[in-house]
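A quick write-up on the structure given underneath.
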Amino acid sequence: MDRNPSAALAPFLPPRPRDALDRPLRDLRISVTDRCNFRCPYCMPRERFHEHYRFLKSSERLDFDEIVRLARLFMQLGAHKLRITGGEPLLRAGVAELIGDLTSLPGLDDIALTTNGVLLPQHAAELRAAGLQRVTVSLDSLDPDVFARMSGGLGSPEEVLAGIAAAQRAGLAPIKVNAVVQRGVNDHTVLPLLEHFRGTGITVRLIEFMDVGNRNEWQREQVVPSSELHALIHARWPLDCLQPNHVGEVAERHAYRDGAGEIGLISSITQPFCGDCSRARLSSEGVLYTCLFATQGLDLRGPLRAGASDDDLLAAIRRCWSARADRYSELRDRTVKSSAPRVEMNQVGG
Ligand SMILES: C[S@@+](CC[C@H](N)C(=O)[O-])C[C@H]1O[C@@H](n2cnc3c(N)ncnc32)[C@H](O)[C@@H]1O
Ligand code: SF4
C-alpha cells in the first residue's frame with residue numbers, strides 16, 4: 001500500500017505545466033490594489049500618478065473571493081508560494097481576512113507580504129493572527145531627506161522603522177528590508193542602512209533600479225551594479241557568499257564574516273535571473289502577467305465573471321504558462337525595444 005499521501009493524490013491533480021523554456025510555475029504574486037500612499041519616483045512618480053490619475057474602481061478590482069478562487073487554481077498548477085503586494089497592499093481594507101482565507105488553501109508552503117511599512121503598526125498583529133508568516137518592508141534610506149526624495153515626500157524613516165518594530169512584536173519572521181539603490185540619490189546612504197540592521201536578524205536586500213513600467217524615466221547610469229555595492233560593503237564588513245535557499249531565489253546571499261547576519265543583492269539589470277523565473281503575477285484587476293516587463297497579459301476577470309468553470313480557468317492559465325517564453329531582462333540589451341507599453345509596477349507589485 002502506498003502510504004505517501006501526495007502520491008495517493010497525484011492522479012487527481014492536474015498536470016503541472018512547464019513554460020516554453022521548461023520553467024515550472026511555483027510562485028504567485030497577487031496585487032490587491034493599484035493605489036499607494038507613497039509616490040516613489042522610480043515606481044509611481046507624482047507627475048504621472050497625480051490627483052486625476054484614474055485608479056481602478058473597487059468594482060474593477062478582483063474581490064477577495066475571486067482572488068482566493070484563482071489562487072487555489074494556480075496552486076493546483078504548481079504554485080505553492082504566495083506574495084501579497086500592490087501598490088500598497090495595506091491600503092486595501094480587510095487584507096488580513098484575505099490572508100486568512102489564503103492560508104487555509106491546501107498545499108501552501110509560504111505566504112508573505114511586501115509593504116512600505118507605514119501601516120504595519122495598525123495591522124501587523126491581525127496579519128500574524130490571520131496566518132501571515134513573514135513580511136518584506138521597503139526602506140530605501142534612513143536619511144530623512146533622501147527618504148523623502150525616494151518616497152515622493154510621503155512617510156518617514158521613523159514611520160517605517162515603527163512598522164518594522166510592530167512586525168517584530170507581532171512575530172512576523174523573517175523580516176526582510178528592500179532598498180532600491182539609485183546612483184546619486186541614495187547610494188551614499190547604503191552603508192548606514194546596513195549598519196542599522198546588522199546583528200538584528202533582519203536581512204537588507206539591495207535592488208538594482210529597474211526599467212519597470214513606462215513612467216519612471218529609467219536611465220542605466222542610475223543603476224548601481226550589485227558588484228560595485230558588494231565591493232563597497234566587503235571593504236567595510238568582509239562578506240562570504242552563501243548558497244541560495246532555493247532554486248529561483250532572486251537575491252544573491254552574502255553573510256557578514258563577523259557573524260552579524262546576511263544581506264541580499266538583487267541584480268536584475270547586471271545579472272538577470274530569468275532562467276529560473278517561476279513567478280506568475282496577478283494584477284488587482286485580474287490580469288495574469290508572466291513577466292514583470294510584460295506588454296500584455298491574460299484577462300482572467302472577464303471569464304471569471306462570465307461564469308467560467310474551474311476547468312475552463314485552469315485550461316486558460318495552463319495555456320498561458322505553457323506558451324511563456326519571457327526573458328526580458330536577459331534580452332534587455334540585445335533586442336530592439338518594443339514600443340508597446342509595459343505593465344506598471346503598481347499594477348503587479350515587485
Ligand atoms: C511595487 S512595491 C509594492 C509593495 C509596497 N508598496 C512596497 O513598496 O514595498 C514592491 C517592491 O518593488 C520595488 N520597486 C518598485 N519600483 C522599482 C524599480 N523601478 N526598480 C526596482 N525595484 C522597484 C519597491 O522598492 C518594493 O520593494
Ligand atoms: S514602491 Fe511601493 S511604496 Fe513606492 S510607490 Fe511603488 S507601490 Fe508605492
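We name chains A, B, ... following the order of the C-alpha cells; residues begin at 1 in each chain, and ligands are numbered from 1 as shown.
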Next on the checklist: For ligand 2, return the neighbouring residues as a PyMOL selection string (distance at most 6 Å; only C-alpha atoms and all ligand atoms).
Outcome noted: chain A and resi 36+38-40+43-44+86-88+116+346
Convert the current residue selection to file output with N, CA and C atoms, as an mmCIF file, in the first residue's frame.
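Wrote part_9.cif, looks like this:
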```cif
data_model
loop_
_atom_site.group_PDB
_atom_site.id
_atom_site.type_symbol
_atom_site.label_atom_id
_atom_site.label_comp_id
_atom_site.auth_asym_id
_atom_site.auth_seq_id
_atom_site.Cartn_x
_atom_site.Cartn_y
_atom_site.Cartn_z
ATOM 1 N N CYS A 36 -1.431 53.708 -3.878
ATOM 2 C CA CYS A 36 -0.353 53.736 -2.900
ATOM 3 C C CYS A 36 -0.379 55.048 -2.138
ATOM 4 N N PHE A 38 2.465 56.290 -1.057
ATOM 5 C CA PHE A 38 3.744 56.911 -1.409
ATOM 6 C C PHE A 38 3.705 57.249 -2.896
ATOM 7 N N ARG A 39 4.674 58.028 -3.312
ATOM 8 C CA ARG A 39 4.845 58.310 -4.745
ATOM 9 C C ARG A 39 6.340 58.165 -5.077
ATOM 10 N N CYS A 40 6.891 56.976 -4.843
ATOM 11 C CA CYS A 40 8.316 56.759 -5.130
ATOM 12 C C CYS A 40 8.556 57.060 -6.612
ATOM 13 N N CYS A 43 8.791 54.304 -9.167
ATOM 14 C CA CYS A 43 7.657 53.378 -9.287
ATOM 15 C C CYS A 43 6.382 54.122 -9.688
ATOM 16 N N MET A 44 5.982 55.103 -8.901
ATOM 17 C CA MET A 44 4.761 55.865 -9.170
ATOM 18 C C MET A 44 5.059 57.361 -9.093
ATOM 19 N N GLY A 86 1.254 45.190 -4.055
ATOM 20 C CA GLY A 86 0.413 46.239 -4.618
ATOM 21 C C GLY A 86 1.212 47.006 -5.664
ATOM 22 N N GLY A 87 0.889 48.242 -5.779
ATOM 23 C CA GLY A 87 0.513 49.328 -4.891
ATOM 24 C C GLY A 87 0.871 49.014 -3.433
ATOM 25 N N GLU A 88 0.211 49.712 -2.549
ATOM 26 C CA GLU A 88 0.458 49.417 -1.138
ATOM 27 C C GLU A 88 -0.663 48.499 -0.634
ATOM 28 N N ASN A 116 5.269 49.081 2.192
ATOM 29 C CA ASN A 116 6.175 50.178 2.544
ATOM 30 C C ASN A 116 6.220 50.395 4.055
ATOM 31 N N ASN A 346 2.975 49.330 -10.120
ATOM 32 C CA ASN A 346 1.888 49.399 -9.134
ATOM 33 C C ASN A 346 0.712 48.498 -9.507
#
```
Pull the closest atom pair for each residue of chain A that gets at most 9 Å from ligand 1, along with the distance in Å to one decimal, counting only C-alpha atoms and all ligand atoms, ordering rows by chain and then ascending residue number, as JSON lines.
```
{"residue": "A:Ser31", "atom": "CA", "partner": "ligand 1", "partner_atom_place_in_ligand_line": "3 (C)", "distance": 8.1}
{"residue": "A:Arg35", "atom": "CA", "partner": "ligand 1", "partner_atom_place_in_ligand_line": "6 (N)", "distance": 8.7}
{"residue": "A:Cys36", "atom": "CA", "partner": "ligand 1", "partner_atom_place_in_ligand_line": "6 (N)", "distance": 6.5}
{"residue": "A:Asn37", "atom": "CA", "partner": "ligand 1", "partner_atom_place_in_ligand_line": "6 (N)", "distance": 8.2}
{"residue": "A:Phe38", "atom": "CA", "partner": "ligand 1", "partner_atom_place_in_ligand_line": "6 (N)", "distance": 7.7}
{"residue": "A:Cys40", "atom": "CA", "partner": "ligand 1", "partner_atom_place_in_ligand_line": "16 (N)", "distance": 7.6}
{"residue": "A:Pro41", "atom": "CA", "partner": "ligand 1", "partner_atom_place_in_ligand_line": "16 (N)", "distance": 8.3}
{"residue": "A:Tyr42", "atom": "CA", "partner": "ligand 1", "partner_atom_place_in_ligand_line": "19 (N)", "distance": 4.6}
{"residue": "A:Cys43", "atom": "CA", "partner": "ligand 1", "partner_atom_place_in_ligand_line": "16 (N)", "distance": 4.1}
{"residue": "A:Met44", "atom": "CA", "partner": "ligand 1", "partner_atom_place_in_ligand_line": "16 (N)", "distance": 7.8}
{"residue": "A:Ile84", "atom": "CA", "partner": "ligand 1", "partner_atom_place_in_ligand_line": "4 (C)", "distance": 8.3}
{"residue": "A:Thr85", "atom": "CA", "partner": "ligand 1", "partner_atom_place_in_ligand_line": "4 (C)", "distance": 4.9}
{"residue": "A:Gly86", "atom": "CA", "partner": "ligand 1", "partner_atom_place_in_ligand_line": "3 (C)", "distance": 4.5}
{"residue": "A:Gly87", "atom": "CA", "partner": "ligand 1", "partner_atom_place_in_ligand_line": "6 (N)", "distance": 4.8}
{"residue": "A:Glu88", "atom": "CA", "partner": "ligand 1", "partner_atom_place_in_ligand_line": "6 (N)", "distance": 3.8}
{"residue": "A:Pro89", "atom": "CA", "partner": "ligand 1", "partner_atom_place_in_ligand_line": "4 (C)", "distance": 6.6}
{"residue": "A:Leu90", "atom": "CA", "partner": "ligand 1", "partner_atom_place_in_ligand_line": "6 (N)", "distance": 8.5}
{"residue": "A:Leu113", "atom": "CA", "partner": "ligand 1", "partner_atom_place_in_ligand_line": "4 (C)", "distance": 8.0}
{"residue": "A:Thr114", "atom": "CA", "partner": "ligand 1", "partner_atom_place_in_ligand_line": "9 (O)", "distance": 4.6}
{"residue": "A:Thr115", "atom": "CA", "partner": "ligand 1", "partner_atom_place_in_ligand_line": "9 (O)", "distance": 3.7}
{"residue": "A:Asn116", "atom": "CA", "partner": "ligand 1", "partner_atom_place_in_ligand_line": "7 (C)", "distance": 4.2}
{"residue": "A:Gly117", "atom": "CA", "partner": "ligand 1", "partner_atom_place_in_ligand_line": "9 (O)", "distance": 7.3}
{"residue": "A:Thr136", "atom": "CA", "partner": "ligand 1", "partner_atom_place_in_ligand_line": "9 (O)", "distance": 6.9}
{"residue": "A:Val137", "atom": "CA", "partner": "ligand 1", "partner_atom_place_in_ligand_line": "9 (O)", "distance": 5.5}
{"residue": "A:Ser138", "atom": "CA", "partner": "ligand 1", "partner_atom_place_in_ligand_line": "9 (O)", "distance": 4.5}
{"residue": "A:Leu139", "atom": "CA", "partner": "ligand 1", "partner_atom_place_in_ligand_line": "25 (O)", "distance": 7.5}
{"residue": "A:Asp140", "atom": "CA", "partner": "ligand 1", "partner_atom_place_in_ligand_line": "25 (O)", "distance": 7.4}
{"residue": "A:Val177", "atom": "CA", "partner": "ligand 1", "partner_atom_place_in_ligand_line": "27 (O)", "distance": 8.0}
{"residue": "A:Asn178", "atom": "CA", "partner": "ligand 1", "partner_atom_place_in_ligand_line": "27 (O)", "distance": 5.0}
{"residue": "A:Ala179", "atom": "CA", "partner": "ligand 1", "partner_atom_place_in_ligand_line": "25 (O)", "distance": 5.9}
{"residue": "A:Val180", "atom": "CA", "partner": "ligand 1", "partner_atom_place_in_ligand_line": "25 (O)", "distance": 5.3}
{"residue": "A:Val181", "atom": "CA", "partner": "ligand 1", "partner_atom_place_in_ligand_line": "21 (C)", "distance": 8.0}
{"residue": "A:Gln182", "atom": "CA", "partner": "ligand 1", "partner_atom_place_in_ligand_line": "20 (N)", "distance": 8.9}
{"residue": "A:Ile207", "atom": "CA", "partner": "ligand 1", "partner_atom_place_in_ligand_line": "21 (C)", "distance": 5.8}
{"residue": "A:Glu208", "atom": "CA", "partner": "ligand 1", "partner_atom_place_in_ligand_line": "21 (C)", "distance": 5.8}
{"residue": "A:Phe209", "atom": "CA", "partner": "ligand 1", "partner_atom_place_in_ligand_line": "20 (N)", "distance": 3.9}
{"residue": "A:Met210", "atom": "CA", "partner": "ligand 1", "partner_atom_place_in_ligand_line": "20 (N)", "distance": 3.7}
{"residue": "A:Asp211", "atom": "CA", "partner": "ligand 1", "partner_atom_place_in_ligand_line": "19 (N)", "distance": 5.6}
{"residue": "A:Val212", "atom": "CA", "partner": "ligand 1", "partner_atom_place_in_ligand_line": "19 (N)", "distance": 5.2}
{"residue": "A:Gly213", "atom": "CA", "partner": "ligand 1", "partner_atom_place_in_ligand_line": "19 (N)", "distance": 7.8}
{"residue": "A:Asn216", "atom": "CA", "partner": "ligand 1", "partner_atom_place_in_ligand_line": "19 (N)", "distance": 6.8}
{"residue": "A:Trp218", "atom": "CA", "partner": "ligand 1", "partner_atom_place_in_ligand_line": "19 (N)", "distance": 7.5}
{"residue": "A:Ile266", "atom": "CA", "partner": "ligand 1", "partner_atom_place_in_ligand_line": "21 (C)", "distance": 9.0}
{"residue": "A:Ser268", "atom": "CA", "partner": "ligand 1", "partner_atom_place_in_ligand_line": "21 (C)", "distance": 8.6}
{"residue": "A:Glu344", "atom": "CA", "partner": "ligand 1", "partner_atom_place_in_ligand_line": "1 (C)", "distance": 8.8}
{"residue": "A:Met345", "atom": "CA", "partner": "ligand 1", "partner_atom_place_in_ligand_line": "1 (C)", "distance": 5.1}
{"residue": "A:Asn346", "atom": "CA", "partner": "ligand 1", "partner_atom_place_in_ligand_line": "1 (C)", "distance": 5.2}
{"residue": "A:Gln347", "atom": "CA", "partner": "ligand 1", "partner_atom_place_in_ligand_line": "1 (C)", "distance": 8.1}
{"residue": "A:Val348", "atom": "CA", "partner": "ligand 1", "partner_atom_place_in_ligand_line": "1 (C)", "distance": 7.3}
{"residue": "A:Gly349", "atom": "CA", "partner": "ligand 1", "partner_atom_place_in_ligand_line": "1 (C)", "distance": 4.1}
{"residue": "A:Gly350", "atom": "CA", "partner": "ligand 1", "partner_atom_place_in_ligand_line": "12 (O)", "distance": 3.7}
```
Glu66 in chain A surroundings by only C-alpha atoms, 9 Å radius, close-in-sequence under 3 positions cut, as a PDB file with all heavy atoms, in the first residue's frame:
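Generated output (out-v2.pdb):
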```pdb
ATOM      1  N   LEU A  62     -10.409  42.642  -8.472  1.00  0.00           N
ATOM      2  CA  LEU A  62     -10.901  41.333  -8.048  1.00  0.00           C
ATOM      3  C   LEU A  62     -11.339  41.442  -6.599  1.00  0.00           C
ATOM      4  O   LEU A  62     -10.650  42.080  -5.788  1.00  0.00           O
ATOM      5  CB  LEU A  62      -9.790  40.289  -8.140  1.00  0.00           C
ATOM      6  CG  LEU A  62      -9.271  39.905  -9.533  1.00  0.00           C
ATOM      7  CD1 LEU A  62      -8.222  38.803  -9.411  1.00  0.00           C
ATOM      8  CD2 LEU A  62     -10.399  39.463 -10.452  1.00  0.00           C
ATOM      9  N   ASP A  63     -12.469  40.828  -6.256  1.00  0.00           N
ATOM     10  CA  ASP A  63     -12.815  40.802  -4.840  1.00  0.00           C
ATOM     11  C   ASP A  63     -12.083  39.613  -4.193  1.00  0.00           C
ATOM     12  O   ASP A  63     -11.441  38.813  -4.876  1.00  0.00           O
ATOM     13  CB  ASP A  63     -14.336  40.788  -4.625  1.00  0.00           C
ATOM     14  CG  ASP A  63     -15.007  39.508  -5.118  1.00  0.00           C
ATOM     15  OD1 ASP A  63     -14.347  38.449  -5.122  1.00  0.00           O
ATOM     16  OD2 ASP A  63     -16.200  39.576  -5.509  1.00  0.00           O
ATOM     17  N   ARG A  69     -10.242  32.109  -5.190  1.00  0.00           N
ATOM     18  CA  ARG A  69     -10.549  31.064  -6.181  1.00  0.00           C
ATOM     19  C   ARG A  69      -9.393  30.922  -7.183  1.00  0.00           C
ATOM     20  O   ARG A  69      -8.938  29.816  -7.469  1.00  0.00           O
ATOM     21  CB  ARG A  69     -11.854  31.415  -6.916  1.00  0.00           C
ATOM     22  CG  ARG A  69     -12.237  30.361  -7.924  1.00  0.00           C
ATOM     23  CD  ARG A  69     -13.606  30.595  -8.522  1.00  0.00           C
ATOM     24  NE  ARG A  69     -13.825  29.678  -9.630  1.00  0.00           N
ATOM     25  CZ  ARG A  69     -14.643  29.914 -10.639  1.00  0.00           C
ATOM     26  NH1 ARG A  69     -15.359  31.019 -10.676  1.00  0.00           N
ATOM     27  NH2 ARG A  69     -14.769  29.035 -11.611  1.00  0.00           N
ATOM     28  N   LEU A  70      -8.913  32.048  -7.679  1.00  0.00           N
ATOM     29  CA  LEU A  70      -7.809  31.969  -8.646  1.00  0.00           C
ATOM     30  C   LEU A  70      -6.548  31.420  -7.981  1.00  0.00           C
ATOM     31  O   LEU A  70      -5.831  30.599  -8.575  1.00  0.00           O
ATOM     32  CB  LEU A  70      -7.540  33.347  -9.261  1.00  0.00           C
ATOM     33  CG  LEU A  70      -8.589  33.807 -10.284  1.00  0.00           C
ATOM     34  CD1 LEU A  70      -8.284  35.217 -10.771  1.00  0.00           C
ATOM     35  CD2 LEU A  70      -8.661  32.846 -11.481  1.00  0.00           C
ATOM     36  N   ALA A  71      -6.265  31.851  -6.746  1.00  0.00           N
ATOM     37  CA  ALA A  71      -5.057  31.352  -6.065  1.00  0.00           C
ATOM     38  C   ALA A  71      -5.128  29.827  -5.944  1.00  0.00           C
ATOM     39  O   ALA A  71      -4.142  29.115  -6.163  1.00  0.00           O
ATOM     40  CB  ALA A  71      -4.930  31.994  -4.688  1.00  0.00           C
ATOM     41  N   GLY A 286      -7.169  41.535 -12.153  1.00  0.00           N
ATOM     42  CA  GLY A 286      -7.373  40.154 -12.571  1.00  0.00           C
ATOM     43  C   GLY A 286      -6.707  39.780 -13.877  1.00  0.00           C
ATOM     44  O   GLY A 286      -7.165  38.859 -14.563  1.00  0.00           O
ATOM     45  N   ARG A 301     -10.377  38.052 -15.150  1.00  0.00           N
ATOM     46  CA  ARG A 301     -11.588  38.583 -14.513  1.00  0.00           C
ATOM     47  C   ARG A 301     -12.809  38.419 -15.433  1.00  0.00           C
ATOM     48  O   ARG A 301     -13.894  38.054 -14.964  1.00  0.00           O
ATOM     49  CB  ARG A 301     -11.379  40.066 -14.189  1.00  0.00           C
ATOM     50  CG  ARG A 301     -12.497  40.677 -13.369  1.00  0.00           C
ATOM     51  CD  ARG A 301     -12.338  42.176 -13.274  1.00  0.00           C
ATOM     52  NE  ARG A 301     -12.479  42.808 -14.587  1.00  0.00           N
ATOM     53  CZ  ARG A 301     -12.227  44.084 -14.837  1.00  0.00           C
ATOM     54  NH1 ARG A 301     -11.802  44.872 -13.873  1.00  0.00           N
ATOM     55  NH2 ARG A 301     -12.380  44.580 -16.053  1.00  0.00           N
ATOM     56  N   LEU A 304     -13.964  34.838 -15.435  1.00  0.00           N
ATOM     57  CA  LEU A 304     -14.395  34.546 -14.060  1.00  0.00           C
ATOM     58  C   LEU A 304     -15.806  35.099 -13.828  1.00  0.00           C
ATOM     59  O   LEU A 304     -16.692  34.408 -13.327  1.00  0.00           O
ATOM     60  CB  LEU A 304     -13.398  35.231 -13.126  1.00  0.00           C
ATOM     61  CG  LEU A 304     -13.305  34.887 -11.674  1.00  0.00           C
ATOM     62  CD1 LEU A 304     -12.763  33.486 -11.493  1.00  0.00           C
ATOM     63  CD2 LEU A 304     -12.343  35.870 -10.994  1.00  0.00           C
ATOM     64  N   ARG A 305     -16.020  36.343 -14.247  1.00  0.00           N
ATOM     65  CA  ARG A 305     -17.320  36.982 -14.003  1.00  0.00           C
ATOM     66  C   ARG A 305     -18.376  36.535 -15.007  1.00  0.00           C
ATOM     67  O   ARG A 305     -19.563  36.768 -14.808  1.00  0.00           O
ATOM     68  CB  ARG A 305     -17.161  38.511 -13.997  1.00  0.00           C
ATOM     69  CG  ARG A 305     -16.345  38.942 -12.792  1.00  0.00           C
ATOM     70  CD  ARG A 305     -16.298  40.430 -12.579  1.00  0.00           C
ATOM     71  NE  ARG A 305     -15.490  40.710 -11.387  1.00  0.00           N
ATOM     72  CZ  ARG A 305     -15.126  41.906 -10.978  1.00  0.00           C
ATOM     73  NH1 ARG A 305     -15.512  42.979 -11.651  1.00  0.00           N
ATOM     74  NH2 ARG A 305     -14.396  42.065  -9.887  1.00  0.00           N
TER      75      ARG A 305
END
```
Checklist entry - What separation in Å, quoted to one decimal, exists between CA of Glu159 in chain A and CA of Val118 in chain A? => result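 Computing the Euclidean distance for CA of Glu159 in chain A and CA of Val118 in chain A yields 5.5 Å.
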Item to check | Expected answer as a PyMOL selection string: strand (DSSP E or B) residues in range 45-288 of chain A | outcome: chain A and resi 81-85+110-115+134-138+175-182+203-208+223+239-241+252-256+262-266+279-282+287-288
Item to check | 9 Å contact set for Leu127 in chain A, only C-alpha atoms, chain neighbours under 2 positions out, as number ranges by chain | outcome: A: 95-97, 99-100, 123-125, 129-133, 170, 172
Please produce a file of those selected residues containing C-alpha atoms, as an mmCIF file, in the first residue's frame.
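Wrote it out as out20.cif, contents follow:
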```
data_model
loop_
_atom_site.group_PDB
_atom_site.id
_atom_site.type_symbol
_atom_site.label_atom_id
_atom_site.label_comp_id
_atom_site.auth_asym_id
_atom_site.auth_seq_id
_atom_site.Cartn_x
_atom_site.Cartn_y
_atom_site.Cartn_z
ATOM 1 C CA VAL A 95 -6.220 42.189 3.738
ATOM 2 C CA ALA A 96 -5.879 40.131 6.928
ATOM 3 C CA GLU A 97 -9.141 38.347 6.072
ATOM 4 C CA ILE A 99 -4.645 36.167 4.150
ATOM 5 C CA GLY A 100 -6.719 34.041 6.487
ATOM 6 C CA HIS A 123 -2.154 45.770 11.001
ATOM 7 C CA ALA A 124 0.826 43.609 11.989
ATOM 8 C CA ALA A 125 -0.911 41.746 14.829
ATOM 9 C CA ALA A 129 -3.123 36.154 13.648
ATOM 10 C CA ALA A 130 -4.575 35.507 10.178
ATOM 11 C CA GLY A 131 -1.597 33.304 9.322
ATOM 12 C CA LEU A 132 0.857 35.635 7.592
ATOM 13 C CA GLN A 133 4.336 34.248 8.173
ATOM 14 C CA ALA A 170 3.706 40.510 16.189
ATOM 15 C CA LEU A 172 6.325 38.044 11.733
#
```
Item to check | Sel. of helix (DSSP H, G or I) residues, range 55-258 of chain A, as a ChimeraX atom specification | outcome: /A:58-60,64-76,89-91,95-103,120-130,144-151,157-170,187-197,220-222,226-236
Item to check | Who sits within 12 Å of Gln243 in chain A, only C-alpha atoms, same chain under 5 positions skipped, as a PyMOL selection string | outcome: chain A and resi 248-249+251-255+262+264
Next on the checklist: Report as a list in words all protein, DNA and RNA residues lying within 8 Å of Leu313 in chain A, evaluated on only C-alpha atoms, omitting residues in the same chain fewer than 6 positions from it.
Outcome noted: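 My list of contacting residues is Leu73, Leu300, Pro303 and Leu304 of chain A.
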Next on the checklist: Between A:Thr270, A:Gln168, A:Ser59, A:Thr290, which residue has the minimum interatomic distance to Leu120 in chain A, considering only C-alpha atoms?
Outcome noted: A:Gln168
Checklist entry - Hey, what's within 6 Å of Gly199 in chain A if we count only C-alpha atoms and toss same-chain stuff fewer than 2 positions away? As a PyMOL selection string, please? => result chain A and resi 201+260-261
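Distance check against Arg236 in chain A using only C-alpha atoms: of A:Leu191, A:Met75, A:Ala93, A:Ala316, the minimum falls on A:Leu191.
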